[in-house]
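Student: Below you will find the structure I want to go over with you.
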Amino acid sequence: MKAKTTDLSGTSTGYKVFAVVVLILLALFFLFPLYWIVTGSFKDAIEINAKYPIWFPQNPTTDNYARLFEHEAFRWLFNIVFISAMAMILTCLTASFAGYALGKKRFYGRGILFTIIICAMALPKQVIVIPLLQEMTFFHLNNNLWAVILPTVGWPFGVFLMKQFSETIPNEILEAARVDGAGELRTFFSVVFPMIKPGIGALAIFTFVNTWNDYFLQLVMLTDEEIWTLPLAIANLQGEMSSDFGLIMAGAALAAIPIVVVFIAFQKYFTQGIAMGAVKG
Amino acid sequence: MAQNAVATAGKKPKKEKRSQFSGMSKALVRRETISAYLFLLPSLVFFVGFVVVPMFICVFYSFMEYGLGGIKGFAGLDNYIKLFQDPIFHKGFLNTVLIVVIAVPCVTAFSLWVSSAIYKMHAFTRSFFRCVFYLPVVTGSVAITVVWKWILHPYNGILNQLTGTAGFDWLGNQSTAIWFIILILFTTSIGQPIVLYVAALGNVDQSLVEAAQVDGATKLQVFWKIKWPQIMPTTLYVLVITTINSFQCFALIQLLTKGGPMNATMTIMYQVYDTAYRLNDLGYANAIGVILAIIIAIFSAIQFKVVKTD
């Protein structure tokens with residue numbers, strides 16, 4: 001998207017100043033929680049429990065992080081990275097196949113299948129979590145990281161998004177590949193795949209961030225301490241030691257910073273992906 | 001550019017529905033159907049296995065008497081009848097409706113205002129603001145919730161320190177708790193709508209806007225008569241996703257109030273979890289889940305109707 005400069009003569013200067021001031025104040029308000037997490041994680045116990053506001057740590061300390069790593073924080077970090085990465089890879093793979101079929105193939109059951117997928121997207125995941133947990137127990141996957149990964153891959157948003165992207169492929173190109181004698185798989189990998197790459201990029205980031213932050217599924221599926229994820233561990237630690245905010249902020253910072261960095265680095269794809277998923281609604 | 005392409009592609013299936021197979025031989029249709037399902041297979045395995053099947057089991061359980069020791073027998077409509085007599089469900093229902101009715105219009109109006117203020121800005125400034133408002137979403141519900149718990153802490157929290165109300169427990173008070181839940185939900189909900197609106201406003205047909213300006217239309221007139229109808233699909237989508245998000249707000253309640261004090265922040269969503277995993281009444285929990293799904297479907301349908309006929 002390129003910057004547009006439009007004549008704003010219809011808008012009064014007063015309103016423009018007002019809008020900018022309000023936007024800046026709001027931006028500060030929205031940045032504050034993250035700022036408070038990061039600065040809080042470097043405060044010592046005295047500053048954490050101070051009875052007056054301390055805007056910036058006076059005696060920065062890494063003690064909170066040291067205490068965090070006395071727990072199995074590395075393990076928890078690995079677990080959440082593993083879950084998010086696996087869910088991302090599997091979702092991109094299955095969704096790009098399925099999205100291509102829905103977007104470009106004409107076949108029996110296409111309409112009804114698409115309707116079911118749209119309806120399922122509105123269904124709250126939480127409704128089905130009880131049978132899901134039993135299903136995982138049945139497959140001996142309870143208390144296993146795959147119990148979070150598999151249902152995430154089943155979520156149909158990715159298929160929907162990839163269908164939107166696949167529809168932009170011109171039919172002539174597919175036709176040409178067929179005339180040249182390329183098989184279905186060959187067509188997919190050498191013609192379709194390069195064209196939907198930006199879509200796959202968007203879906204990858206989207207799935208990664210959403211899986212990382214899907215607290216509910218992690219809470220229900222992962223009960224043993226060694227398979228907790230970092231967000232789940234913070235939530236549980238907060239329940240056990242509700243006043244040790246230094247430790248909890250260190251955990252929150254460790255859980256939030258990687259994902260914020262990923263988001264800022266890939267912001268372009270991310271926002272594009274969100275906008276894409278919306279077009280049909 | 002890519003977005004325009006999708007916008008037109010999005011309209012295609014409707015027209016094609018009648019003539020999906022036109023110009024195709026029977027053999028070709030069969031070949032296409034087989035290859036399409038082969039492409040769909042990996043995805044369908046996951047979708048059917050971990051979404052569709054659990055959904056049917058959920059409905060099945062809701063008709064069962066199902067406690068700690070397993071299924072005790074067929075309950076008929078008992079779980080559903082219990083629901084209508086359960087004061088906690090009544091409270092949860094009212095709170096859920098309150099959250100949705102307050103949060104959804106606020107999020108929609110507010111994100112539209114922010115988007116229209118930033119979408120004409122320089123690309124860098126625009127990305128900056130969009131990024132800032134999206135930040136609470138990526139920071140994650142748990143991290144955001146625990147920092148708010150600290151901010152709102154009766155003695156160590158910065159809110160009480162700034163307002164000089166040391167000792168006041170915002171989350172432990174029956175009349176304030178729900179409003180803080182809504183406020184925090186609001187901060188974690190506007191990121192996505194802003195991204196959507198900025199994209200939609202950027203795609204508004206500029207020639208129509210200019211034509212209206214030449215005719216002497218005011219800024220407000222241009223907005224309501226030209227831009228508003230064109231961003232309507234986005235508004236509909238924003239309404240639906242924000243509604244679903246508001247229904248699903250869980251981490252906030254589980255980590256901040258556990259539905260308390262005195263069920264003041266109980267929601268249907270949280271009651272499903274609470275009934276299943278604290279009270280171990282799985283049959284009843286599934287019945288609440290089914291009703292929750294139906295309520296969301298009704299809300300989405302109403303929004304489609306209202307916005308489409310507007």
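In the structure tokens, the first chain shown is A, the next is B, and so on; residue numbers restart at 1 for each chain, and ligands run from 1 in the order shown.
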Taking only C-alpha atoms into account, which residues of chain A are within 7 Å of chain B, as number ranges by chain?

Tutor: A: 2-5, 10-11, 19, 27, 30-31, 33, 37, 49-53, 94-95, 97-98, 101, 105-108, 122-124, 127-128, 131-132, 150-151, 153-156, 164, 167-168, 209, 213, 215, 231, 235, 245, 252, 256, 259-260, 271, 274-276, 278-281

Student: What is the distance, in Å and to one decimal place, between CA of Lys104 (chain A) and CA of Val191 (chain A)?

Tutor: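 These two atoms are separated by 12.7 Å.
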
Student: Please identify the strand (DSSP E or B) residues within region 35-163 of chain B (assignment by DSSP from backbone atoms) and present them as a list of chain:residue names.

Tutor: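 Matching residues for strand (DSSP E or B) in region 35-163 of chain B are B:Met64, B:Glu65, B:Tyr66, B:Gly67, B:Gly70, B:Ile71, B:Lys72, B:Gly73, B:Phe74.
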
Student: So which residues touch region 204-207 of chain B within 9 Å, counting only C-alpha atoms, skipping near sequence neighbours fewer than 3 positions away, as a list of chain:residue names?

Tutor: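 In the requested form, the answer reads B:Ala200, B:Leu201, B:Glu210, B:Ala211, B:Ala212, B:Ile226, B:Lys227, B:Gln230, B:Ile231.
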
Student: For C-alpha atoms, I'd like the residues from the last selection saved as a PDB file, in the first residue's frame.

Tutor:
ATOM      1  CA  ALA B 200     -11.027  -1.205   3.502  1.00  0.00           C
ATOM      2  CA  LEU B 201     -10.813   2.603   3.604  1.00  0.00           C
ATOM      3  CA  GLU B 210     -13.548  13.160  -5.753  1.00  0.00           C
ATOM      4  CA  ALA B 211     -16.745  13.425  -7.758  1.00  0.00           C
ATOM      5  CA  ALA B 212     -18.708  14.047  -4.553  1.00  0.00           C
ATOM      6  CA  ILE B 226     -19.789   7.184  -0.287  1.00  0.00           C
ATOM      7  CA  LYS B 227     -17.377   5.453   2.076  1.00  0.00           C
ATOM      8  CA  GLN B 230     -18.356   0.615   0.461  1.00  0.00           C
ATOM      9  CA  ILE B 231     -16.866  -0.550   3.764  1.00  0.00           C
TER      10      ILE B 231
END

Student: So what do you get for CA of Gly92 (chain B) versus CA of Tyr80 (chain B), distance-wise?

Tutor: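 Atom-to-atom, CA of Gly92 (chain B) and CA of Tyr80 (chain B) are spaced 15.2 Å apart.
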
Student: To one decimal in Å, tell me the separation between CA of Phe78 (chain A) and CA of Tyr269 (chain A).

Tutor: 24.9 Å

Student: List as number ranges by chain the protein and nucleic acid residues near Phe189 (chain A), meaning an atom at most 12 Å away when only C-alpha atoms are counted, but skip any in the same chain fewer than 6 places from it.

Tutor: A: 93, 96-97, 100, 174, 177, 182-183, 195-197
